[in-house]
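Since the structure comes first, as structure tokens, the remarks are kept for the end.
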Amino acid sequence: MNKNFLIQEIIRLKKEKNVIILAHYYQDEDIQNIADFIGDSLELAKKAQNTNADIIVFAGVHFMAETAKILNPNKKVVLPDWNAGCSLADGCPPEDFKLFKEQHPDHIVVTYINCSAQIKAMSDLVCTSANAKKIIESIPAEQKIIFAPDENLGRYLQKETKRELVLWKGSCVVHEAFSLDKLIEIYNKNPTAKIAAHPESEEHILKAAHYIGSTSGIINFIKTDPAAVFIVATEAGILHELTKAVPDKTLIPAPTTDDNSCACSECAFMKMNTLEKLYLCLKNERPEMLIKDELRIQALKPIERMLELS
Ligand code: 13P
Ligand code: SF4
């Protein structure tokens with residue numbers, strides 16, 4: 001379908017149906033350009049909680065639309081592609097996690113927001129990369145904690161908070177793909193550069209980073225730090241917002257281990273959403289996110305606790 005037609009129709013339908021389009025920074029740039037709000041996972045959850053729109057179109061991945069529905073049972077939540085998953089959410093099946101939890105009965109459960117509603121329903125607290133440290137630090141020192149599903153973020157939190165965490169072995173396929181050798185090579189050619197990394201990245205990448213934070217945290221760091229060159233270790237979609245925000249700075253995507261790919265790391269799940277699918281979900285109001293009330297109420301509790309603490 002013609003791009004101009006899609007843009008005009010999306011704008012028309014948005015107004016007609018009182019819709020808000022929420023998009024993550026990893027979305028395709030056409031989607032970011034047409035969104036009403038772009039943010040990191042925490043900002044998107046907060047926006048979903050506070051909107052007056054009748055319909056939420058969530059341009060992100062499945063667990064994000066699910067979180068929006070958990071927070072808004074009376075609103076219609078639709079997503080461009082039902083199959084836009086996440087390796088972290090998919091790598092933590094509820095049956096296995098239940099057994100894992102049973103092996104650590106005296107632990108409370110903190111889960112990264114990148115997990116399914118079933119996992120959230122088994123959690124005491126949810127966190128995002130933006131507030132994970134604060135959430136862990138809010139828990140009394142003597143309390144034992146399970147952290148799932150991101151092992152890299154968990155390891156980073158152990159270091160930052162000096163707490164022992166029992167870690168689920170999950171990872172983000174995108175952030176695990178960065179190559180330290182190639183990063184060092186680029187850094188040696190740009191010795192004044194600052195390296196900004198997402199905490200889903202592996203420990204050796206985080207050790208090399210000057211700044212570690214959520215997508216919004218990385219954007220704010222690059223906006224405010226006086227350096228002129230930055231190496232960005234997160235999904236490449238973030239470069240769209242960064243290029244607009246700091247047109248005079250040089251942005252280098254952190255290289256991946258894959259010699260055949262482009263130099264940057266792309267999330268295949270996030271990129272399943274297209275402008276055409278966005279238009280169709282707005283027009284047809286499906287696929288629609290629906291969650292059984294019992295599950296929704298259980299999953300809501302740890303999300304609300306997180307939002308109270310954030
Ligand atoms: P944030 O935008 O919260 O940093 O999350 C990154 C991510 O991988 C989302 O899936
Ligand atoms: Fe999941 Fe990683 Fe994609 Fe984020 S970038 S949605 S954590 S697979």
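Starting from 1 in every chain, residues are counted up; chains themselves are A, B, ... following the order of the structure tokens, and ligands are numbered from 1 as listed.
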Which residues are close to Ile218 (chain A), i.e. within 12 Å by only C-alpha atoms, leaving aside same-chain residues fewer than 6 positions away? Reply as a tab-separated table (two decimals) with C-alpha atoms, in the first residue's frame.
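Everything below was put into around-v7.tsv:
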```tsv
chain	number	residue	atom	x	y	z
A	25	TYR	CA	12.17	3.34	20.47
A	39	GLY	CA	9.25	5.85	25.23
A	40	ASP	CA	11.09	3.16	27.15
A	129	SER	CA	15.63	-1.44	33.10
A	130	ALA	CA	14.95	2.16	34.19
A	194	LYS	CA	31.71	7.36	25.02
A	195	ILE	CA	30.12	3.92	25.05
A	196	ALA	CA	26.44	3.75	26.12
A	197	ALA	CA	24.97	0.29	26.70
A	198	HIS	CA	21.64	-1.26	27.65
A	199	PRO	CA	21.88	-3.54	30.74
A	209	ALA	CA	30.55	1.06	28.91
A	210	HIS	CA	30.76	4.64	30.21
A	211	TYR	CA	26.98	4.67	30.75
A	212	ILE	CA	24.47	1.86	31.34
A	224	THR	CA	23.58	15.82	27.95
A	225	ASP	CA	27.14	14.42	27.86
A	230	PHE	CA	29.06	7.85	21.01
A	231	ILE	CA	29.06	4.11	20.47
A	232	VAL	CA	25.53	2.86	21.12
A	233	ALA	CA	25.06	-0.71	22.37
A	234	THR	CA	21.35	-1.28	22.05
A	235	GLU	CA	18.82	-1.95	19.29
A	238	ILE	CA	17.02	4.12	18.97
A	239	LEU	CA	19.24	5.89	16.41
A	241	GLU	CA	15.31	9.47	17.95
A	242	LEU	CA	18.99	10.15	18.67
A	245	ALA	CA	17.88	14.88	19.21
A	251	LEU	CA	26.56	8.02	16.61
```
Worksheet item: Which residues come within 12 Å of region 78-80 of chain A, counting only C-alpha atoms, excluding same-chain residues fewer than 5 positions away, as a ChimeraX atom specification?
Response: /A:19-23,27,31,54-69,72,85,269-290
Include N, CA and C atoms and write out the residues we just selected as a short mmCIF file (atom, residue, chain, number, x, y, z; two decimals), in the first residue's frame.
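So the final result, stored in out-v7.cif, reads:
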```cif
data_model
loop_
_atom_site.label_atom_id
_atom_site.label_comp_id
_atom_site.auth_asym_id
_atom_site.auth_seq_id
_atom_site.Cartn_x
_atom_site.Cartn_y
_atom_site.Cartn_z
N VAL A 19 -7.94 7.33 19.38
CA VAL A 19 -6.89 6.32 19.58
C VAL A 19 -5.59 6.98 20.03
N ILE A 20 -4.85 6.29 20.88
CA ILE A 20 -3.46 6.72 21.14
C ILE A 20 -2.53 5.64 20.59
N ILE A 21 -1.52 6.07 19.85
CA ILE A 21 -0.52 5.11 19.36
C ILE A 21 0.72 5.25 20.23
N LEU A 22 1.04 4.16 20.93
CA LEU A 22 2.24 4.12 21.77
C LEU A 22 3.30 3.32 21.02
N ALA A 23 4.50 3.84 20.98
CA ALA A 23 5.55 3.11 20.25
C ALA A 23 6.84 3.07 21.07
N GLN A 27 11.01 0.66 17.35
CA GLN A 27 10.13 0.52 16.19
C GLN A 27 10.74 1.18 14.96
N ILE A 31 6.93 4.30 11.97
CA ILE A 31 6.00 4.10 13.10
C ILE A 31 6.30 5.11 14.20
N ASP A 54 -9.80 5.88 23.85
CA ASP A 54 -10.66 4.69 23.96
C ASP A 54 -9.93 3.44 23.50
N ILE A 55 -9.02 3.65 22.56
CA ILE A 55 -8.28 2.50 22.02
C ILE A 55 -6.78 2.79 22.13
N ILE A 56 -6.03 1.79 22.60
CA ILE A 56 -4.56 1.90 22.62
C ILE A 56 -4.02 1.00 21.51
N VAL A 57 -3.27 1.60 20.58
CA VAL A 57 -2.55 0.80 19.59
C VAL A 57 -1.13 0.72 20.10
N PHE A 58 -0.68 -0.50 20.39
CA PHE A 58 0.65 -0.65 20.97
C PHE A 58 1.63 -1.15 19.93
N ALA A 59 2.49 -0.25 19.46
CA ALA A 59 3.52 -0.63 18.50
C ALA A 59 4.80 -0.94 19.28
N GLY A 60 4.89 -2.21 19.63
CA GLY A 60 6.04 -2.69 20.40
C GLY A 60 5.99 -4.19 20.27
N VAL A 61 6.23 -4.91 21.35
CA VAL A 61 6.09 -6.37 21.29
C VAL A 61 4.94 -6.83 22.20
N HIS A 62 4.63 -8.12 22.09
CA HIS A 62 3.44 -8.69 22.72
C HIS A 62 3.32 -8.36 24.21
N PHE A 63 4.45 -8.54 24.97
CA PHE A 63 4.33 -8.34 26.43
C PHE A 63 4.01 -6.88 26.76
N MET A 64 4.36 -5.95 25.89
CA MET A 64 4.09 -4.53 26.14
C MET A 64 2.59 -4.25 25.98
N ALA A 65 2.00 -4.80 24.92
CA ALA A 65 0.55 -4.63 24.71
C ALA A 65 -0.20 -5.32 25.84
N GLU A 66 0.32 -6.45 26.28
CA GLU A 66 -0.30 -7.20 27.38
C GLU A 66 -0.28 -6.37 28.66
N THR A 67 0.85 -5.73 28.92
CA THR A 67 0.96 -4.87 30.12
C THR A 67 -0.04 -3.72 30.05
N ALA A 68 -0.18 -3.14 28.84
CA ALA A 68 -1.14 -2.04 28.67
C ALA A 68 -2.56 -2.52 28.96
N LYS A 69 -2.88 -3.73 28.55
CA LYS A 69 -4.23 -4.27 28.79
C LYS A 69 -4.43 -4.59 30.28
N ASN A 72 -5.36 -1.52 31.78
CA ASN A 72 -6.57 -0.89 31.22
C ASN A 72 -7.62 -1.91 30.80
N GLY A 85 7.06 -11.25 19.37
CA GLY A 85 7.38 -11.76 20.72
C GLY A 85 8.62 -11.11 21.29
N PHE A 269 11.71 -9.12 16.27
CA PHE A 269 10.33 -9.08 16.79
C PHE A 269 9.75 -7.67 16.66
N MET A 270 10.53 -6.69 17.09
CA MET A 270 10.07 -5.30 17.01
C MET A 270 9.81 -4.91 15.56
N LYS A 271 10.67 -5.43 14.68
CA LYS A 271 10.58 -5.03 13.27
C LYS A 271 9.48 -5.80 12.53
N MET A 272 8.76 -6.69 13.20
CA MET A 272 7.61 -7.35 12.54
C MET A 272 6.49 -6.34 12.30
N ASN A 273 6.45 -5.29 13.11
CA ASN A 273 5.42 -4.26 12.94
C ASN A 273 5.79 -3.37 11.76
N THR A 274 4.81 -3.12 10.90
CA THR A 274 5.02 -2.22 9.76
C THR A 274 3.91 -1.18 9.76
N LEU A 275 4.10 -0.14 8.95
CA LEU A 275 3.09 0.91 8.84
C LEU A 275 1.76 0.31 8.34
N GLU A 276 1.86 -0.63 7.41
CA GLU A 276 0.65 -1.25 6.86
C GLU A 276 -0.08 -2.06 7.94
N LYS A 277 0.66 -2.81 8.74
CA LYS A 277 0.02 -3.59 9.82
C LYS A 277 -0.56 -2.65 10.87
N LEU A 278 0.09 -1.53 11.07
CA LEU A 278 -0.42 -0.53 12.03
C LEU A 278 -1.76 0.01 11.53
N TYR A 279 -1.80 0.33 10.25
CA TYR A 279 -3.04 0.84 9.64
C TYR A 279 -4.16 -0.22 9.75
N LEU A 280 -3.83 -1.46 9.41
CA LEU A 280 -4.85 -2.52 9.43
C LEU A 280 -5.38 -2.77 10.84
N CYS A 281 -4.51 -2.72 11.84
CA CYS A 281 -4.99 -3.00 13.21
C CYS A 281 -5.85 -1.83 13.72
N LEU A 282 -5.55 -0.64 13.23
CA LEU A 282 -6.34 0.53 13.59
C LEU A 282 -7.72 0.45 12.91
N LYS A 283 -7.71 0.05 11.67
CA LYS A 283 -8.95 -0.04 10.88
C LYS A 283 -9.85 -1.19 11.39
N ASN A 284 -9.25 -2.36 11.58
CA ASN A 284 -10.04 -3.56 11.93
C ASN A 284 -10.17 -3.77 13.44
N GLU A 285 -9.41 -2.99 14.21
CA GLU A 285 -9.37 -3.12 15.68
C GLU A 285 -9.04 -4.54 16.12
N ARG A 286 -8.14 -5.14 15.42
CA ARG A 286 -7.61 -6.44 15.80
C ARG A 286 -6.26 -6.66 15.12
N PRO A 287 -5.40 -7.53 15.63
CA PRO A 287 -5.62 -8.41 16.78
C PRO A 287 -5.77 -7.62 18.08
N GLU A 288 -6.76 -8.08 18.86
CA GLU A 288 -7.04 -7.41 20.14
C GLU A 288 -6.47 -8.21 21.29
N MET A 289 -5.84 -7.51 22.23
CA MET A 289 -5.29 -8.15 23.43
C MET A 289 -6.43 -8.38 24.42
N LEU A 290 -6.65 -9.62 24.80
CA LEU A 290 -7.68 -9.93 25.80
C LEU A 290 -7.02 -10.80 26.87
#
```
Report task. Run DSSP on the backbone and give me the residues of region 118-232 of chain A it puts in helix (DSSP H, G or I), as a PyMOL selection string. Result -> chain A and resi 118-121+132-137+151-161+175-177+180-189+203-208+215-224
What residues of the protein or nucleic acid chains come within 10 Å of ligand 2 when you use only C-alpha atoms and all ligand atoms? Reply as a PDB file with N, CA and C atoms, in the first residue's frame.
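Output file part-v4.pdb is given in full below:
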```
ATOM      1  N   HIS A  24       7.531   1.948  20.943  1.00  0.00           N
ATOM      2  CA  HIS A  24       8.846   1.815  21.597  1.00  0.00           C
ATOM      3  C   HIS A  24       9.928   2.363  20.662  1.00  0.00           C
ATOM      4  N   TYR A  26      12.450   1.080  19.578  1.00  0.00           N
ATOM      5  CA  TYR A  26      12.996   0.107  18.635  1.00  0.00           C
ATOM      6  C   TYR A  26      12.127  -0.069  17.396  1.00  0.00           C
ATOM      7  N   SER A  41      10.216   1.186  28.267  1.00  0.00           N
ATOM      8  CA  SER A  41       9.134   0.328  28.775  1.00  0.00           C
ATOM      9  C   SER A  41       8.402   0.958  29.959  1.00  0.00           C
ATOM     10  N   GLY A  60       4.894  -2.209  19.632  1.00  0.00           N
ATOM     11  CA  GLY A  60       6.038  -2.688  20.398  1.00  0.00           C
ATOM     12  C   GLY A  60       5.986  -4.190  20.269  1.00  0.00           C
ATOM     13  N   VAL A  61       6.226  -4.915  21.353  1.00  0.00           N
ATOM     14  CA  VAL A  61       6.091  -6.373  21.290  1.00  0.00           C
ATOM     15  C   VAL A  61       4.945  -6.832  22.198  1.00  0.00           C
ATOM     16  N   HIS A  62       4.631  -8.116  22.093  1.00  0.00           N
ATOM     17  CA  HIS A  62       3.442  -8.687  22.722  1.00  0.00           C
ATOM     18  C   HIS A  62       3.324  -8.356  24.212  1.00  0.00           C
ATOM     19  N   PHE A  63       4.445  -8.541  24.971  1.00  0.00           N
ATOM     20  CA  PHE A  63       4.328  -8.336  26.429  1.00  0.00           C
ATOM     21  C   PHE A  63       4.008  -6.878  26.764  1.00  0.00           C
ATOM     22  N   MET A  64       4.360  -5.954  25.886  1.00  0.00           N
ATOM     23  CA  MET A  64       4.095  -4.531  26.137  1.00  0.00           C
ATOM     24  C   MET A  64       2.592  -4.246  25.982  1.00  0.00           C
ATOM     25  N   ALA A  84       4.693 -10.654  17.368  1.00  0.00           N
ATOM     26  CA  ALA A  84       5.887  -9.893  17.761  1.00  0.00           C
ATOM     27  C   ALA A  84       6.222 -10.247  19.216  1.00  0.00           C
ATOM     28  N   GLY A  85       7.062 -11.248  19.368  1.00  0.00           N
ATOM     29  CA  GLY A  85       7.384 -11.757  20.715  1.00  0.00           C
ATOM     30  C   GLY A  85       8.624 -11.109  21.289  1.00  0.00           C
ATOM     31  N   CYS A  86       9.348 -11.864  22.107  1.00  0.00           N
ATOM     32  CA  CYS A  86      10.571 -11.357  22.742  1.00  0.00           C
ATOM     33  C   CYS A  86      11.302 -12.584  23.273  1.00  0.00           C
ATOM     34  N   SER A  87      12.610 -12.683  23.023  1.00  0.00           N
ATOM     35  CA  SER A  87      13.335 -13.890  23.447  1.00  0.00           C
ATOM     36  C   SER A  87      13.341 -14.040  24.965  1.00  0.00           C
ATOM     37  N   LEU A  88      13.258 -12.918  25.686  1.00  0.00           N
ATOM     38  CA  LEU A  88      13.227 -12.999  27.155  1.00  0.00           C
ATOM     39  C   LEU A  88      11.888 -13.562  27.627  1.00  0.00           C
ATOM     40  N   ALA A  89      10.798 -13.022  27.082  1.00  0.00           N
ATOM     41  CA  ALA A  89       9.464 -13.486  27.487  1.00  0.00           C
ATOM     42  C   ALA A  89       9.267 -14.944  27.054  1.00  0.00           C
ATOM     43  N   ASP A  90       9.690 -15.256  25.820  1.00  0.00           N
ATOM     44  CA  ASP A  90       9.483 -16.614  25.299  1.00  0.00           C
ATOM     45  C   ASP A  90      10.373 -17.638  26.010  1.00  0.00           C
ATOM     46  N   TYR A 112      11.570  -8.850  35.470  1.00  0.00           N
ATOM     47  CA  TYR A 112      11.737  -7.805  34.455  1.00  0.00           C
ATOM     48  C   TYR A 112      10.441  -7.777  33.649  1.00  0.00           C
ATOM     49  N   ILE A 113      10.015  -6.596  33.269  1.00  0.00           N
ATOM     50  CA  ILE A 113       8.714  -6.443  32.576  1.00  0.00           C
ATOM     51  C   ILE A 113       8.634  -7.256  31.280  1.00  0.00           C
ATOM     52  N   ASN A 114       9.801  -7.638  30.725  1.00  0.00           N
ATOM     53  CA  ASN A 114       9.837  -8.459  29.504  1.00  0.00           C
ATOM     54  C   ASN A 114       9.508  -9.916  29.834  1.00  0.00           C
ATOM     55  N   CYS A 115       8.275 -10.169  30.238  1.00  0.00           N
ATOM     56  CA  CYS A 115       7.819 -11.536  30.516  1.00  0.00           C
ATOM     57  C   CYS A 115       6.304 -11.563  30.325  1.00  0.00           C
ATOM     58  N   ASP A 150      15.889 -12.057  32.781  1.00  0.00           N
ATOM     59  CA  ASP A 150      17.133 -11.657  32.114  1.00  0.00           C
ATOM     60  C   ASP A 150      18.356 -11.833  33.017  1.00  0.00           C
ATOM     61  N   SER A 171      17.905 -14.565  28.153  1.00  0.00           N
ATOM     62  CA  SER A 171      18.676 -13.455  27.573  1.00  0.00           C
ATOM     63  C   SER A 171      17.961 -12.848  26.377  1.00  0.00           C
ATOM     64  N   CYS A 172      18.390 -11.646  26.049  1.00  0.00           N
ATOM     65  CA  CYS A 172      17.870 -10.954  24.868  1.00  0.00           C
ATOM     66  C   CYS A 172      18.791 -11.277  23.702  1.00  0.00           C
ATOM     67  N   VAL A 173      18.238 -11.856  22.652  1.00  0.00           N
ATOM     68  CA  VAL A 173      19.064 -12.252  21.499  1.00  0.00           C
ATOM     69  C   VAL A 173      19.741 -11.046  20.839  1.00  0.00           C
ATOM     70  N   VAL A 174      19.120  -9.904  20.941  1.00  0.00           N
ATOM     71  CA  VAL A 174      19.661  -8.707  20.289  1.00  0.00           C
ATOM     72  C   VAL A 174      20.872  -8.175  21.065  1.00  0.00           C
ATOM     73  N   HIS A 175      20.712  -8.050  22.373  1.00  0.00           N
ATOM     74  CA  HIS A 175      21.794  -7.470  23.184  1.00  0.00           C
ATOM     75  C   HIS A 175      22.933  -8.453  23.442  1.00  0.00           C
ATOM     76  N   GLU A 176      22.685  -9.750  23.213  1.00  0.00           N
ATOM     77  CA  GLU A 176      23.762 -10.731  23.370  1.00  0.00           C
ATOM     78  C   GLU A 176      24.636 -10.802  22.134  1.00  0.00           C
ATOM     79  N   HIS A 198      22.849  -0.821  26.937  1.00  0.00           N
ATOM     80  CA  HIS A 198      21.642  -1.257  27.651  1.00  0.00           C
ATOM     81  C   HIS A 198      22.037  -2.409  28.580  1.00  0.00           C
ATOM     82  N   GLU A 200      20.752  -5.122  29.234  1.00  0.00           N
ATOM     83  CA  GLU A 200      20.498  -6.471  28.728  1.00  0.00           C
ATOM     84  C   GLU A 200      21.745  -7.020  28.032  1.00  0.00           C
ATOM     85  N   SER A 201      22.753  -6.158  27.830  1.00  0.00           N
ATOM     86  CA  SER A 201      23.994  -6.594  27.166  1.00  0.00           C
ATOM     87  C   SER A 201      24.821  -7.457  28.127  1.00  0.00           C
ATOM     88  N   THR A 234      22.732  -0.829  21.867  1.00  0.00           N
ATOM     89  CA  THR A 234      21.348  -1.279  22.052  1.00  0.00           C
ATOM     90  C   THR A 234      20.742  -1.416  20.661  1.00  0.00           C
ATOM     91  N   GLU A 235      19.455  -1.706  20.587  1.00  0.00           N
ATOM     92  CA  GLU A 235      18.820  -1.952  19.293  1.00  0.00           C
ATOM     93  C   GLU A 235      18.887  -0.695  18.427  1.00  0.00           C
ATOM     94  N   ALA A 236      19.089  -0.919  17.121  1.00  0.00           N
ATOM     95  CA  ALA A 236      19.376   0.196  16.203  1.00  0.00           C
ATOM     96  C   ALA A 236      18.235   1.215  16.045  1.00  0.00           C
ATOM     97  N   GLY A 237      17.006   0.821  16.366  1.00  0.00           N
ATOM     98  CA  GLY A 237      15.867   1.736  16.230  1.00  0.00           C
ATOM     99  C   GLY A 237      16.032   3.021  17.028  1.00  0.00           C
ATOM    100  N   SER A 265      22.482  -3.896  15.470  1.00  0.00           N
ATOM    101  CA  SER A 265      21.697  -4.985  15.997  1.00  0.00           C
ATOM    102  C   SER A 265      20.214  -4.644  15.900  1.00  0.00           C
ATOM    103  N   GLU A 266      19.453  -5.472  15.223  1.00  0.00           N
ATOM    104  CA  GLU A 266      18.022  -5.189  15.077  1.00  0.00           C
ATOM    105  C   GLU A 266      17.196  -6.280  15.741  1.00  0.00           C
ATOM    106  N   CYS A 267      16.105  -5.883  16.395  1.00  0.00           N
ATOM    107  CA  CYS A 267      15.210  -6.862  17.008  1.00  0.00           C
ATOM    108  C   CYS A 267      14.180  -7.284  15.957  1.00  0.00           C
ATOM    109  N   ALA A 268      14.276  -8.553  15.535  1.00  0.00           N
ATOM    110  CA  ALA A 268      13.370  -9.057  14.489  1.00  0.00           C
ATOM    111  C   ALA A 268      11.921  -9.004  14.959  1.00  0.00           C
ATOM    112  N   PHE A 269      11.713  -9.123  16.269  1.00  0.00           N
ATOM    113  CA  PHE A 269      10.331  -9.082  16.791  1.00  0.00           C
ATOM    114  C   PHE A 269       9.753  -7.670  16.659  1.00  0.00           C
ATOM    115  N   MET A 270      10.533  -6.692  17.090  1.00  0.00           N
ATOM    116  CA  MET A 270      10.074  -5.302  17.014  1.00  0.00           C
ATOM    117  C   MET A 270       9.813  -4.910  15.563  1.00  0.00           C
ATOM    118  N   LYS A 271      10.671  -5.430  14.676  1.00  0.00           N
ATOM    119  CA  LYS A 271      10.579  -5.033  13.274  1.00  0.00           C
ATOM    120  C   LYS A 271       9.476  -5.796  12.526  1.00  0.00           C
TER     121      LYS A 271
END
```
Practice problem: With a distance cut-off of 12 Å and only C-alpha atoms, select the neighbouring residues of Lys244 (chain A), excluding the residue or stretch itself and same-chain residues fewer than 5 positions from it, and output the selection as a PyMOL selection string. | Solution: chain A and resi 29+32-33+219+222-223+238-239+249-251
Please list as a ChimeraX atom specification every residue within 10 Å of Lys98 (chain A), counting only C-alpha atoms and excluding residues in the same chain fewer than 5 positions away.
/A:92-93,103,118-119,122
Identify, on the basis of only C-alpha atoms, every residue whose closest approach to Ser310 (chain A) does not exceed 7 Å; exclude the query and any residue fewer than 3 positions from it along the same chain; express the result as a JSON list (two decimals) with C-alpha atoms, in the first residue's frame.
```json
[["chain", "number", "residue", "atom", "x", "y", "z"],
["A", 131, "ASN", "CA", 13.93, 1.31, 37.76],
["A", 306, "MET", "CA", 6.41, -1.08, 40.64],
["A", 307, "LEU", "CA", 4.53, 2.03, 39.52]]
```
As a check of understanding: the span from CA of Pro105 (chain A) to CA of Lys301 (chain A) is 19.5 Å
Report task. DSSP on the backbone, then: every residue of region 90-274 of chain A marked strand (DSSP E), written as a VMD selection string. Result -> chain A and resid 107 to 112 125 to 127 144 to 148 165 to 167 194 to 197 211 to 212 229 to 233 250 to 253
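Atom pair CA of Ile205 (chain A) / CA of Leu180 (chain A) has a distance of 6.1 Å (rounded to one decimal).
Minimum distance to ligand 1 across A:Ser216, A:Gln49, A:Asn2, A:Asn74 (counting only C-alpha atoms and all ligand atoms) occurs at A:Ser216.
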From CA of Asn220 (chain A) to CA of Leu167 (chain A) the spacing works out at 29.2 Å
With distances taken over only C-alpha atoms, the candidate from A:Glu304, A:Glu185, A:Glu9, A:Asp28 nearest Ser123 (chain A) is A:Glu304
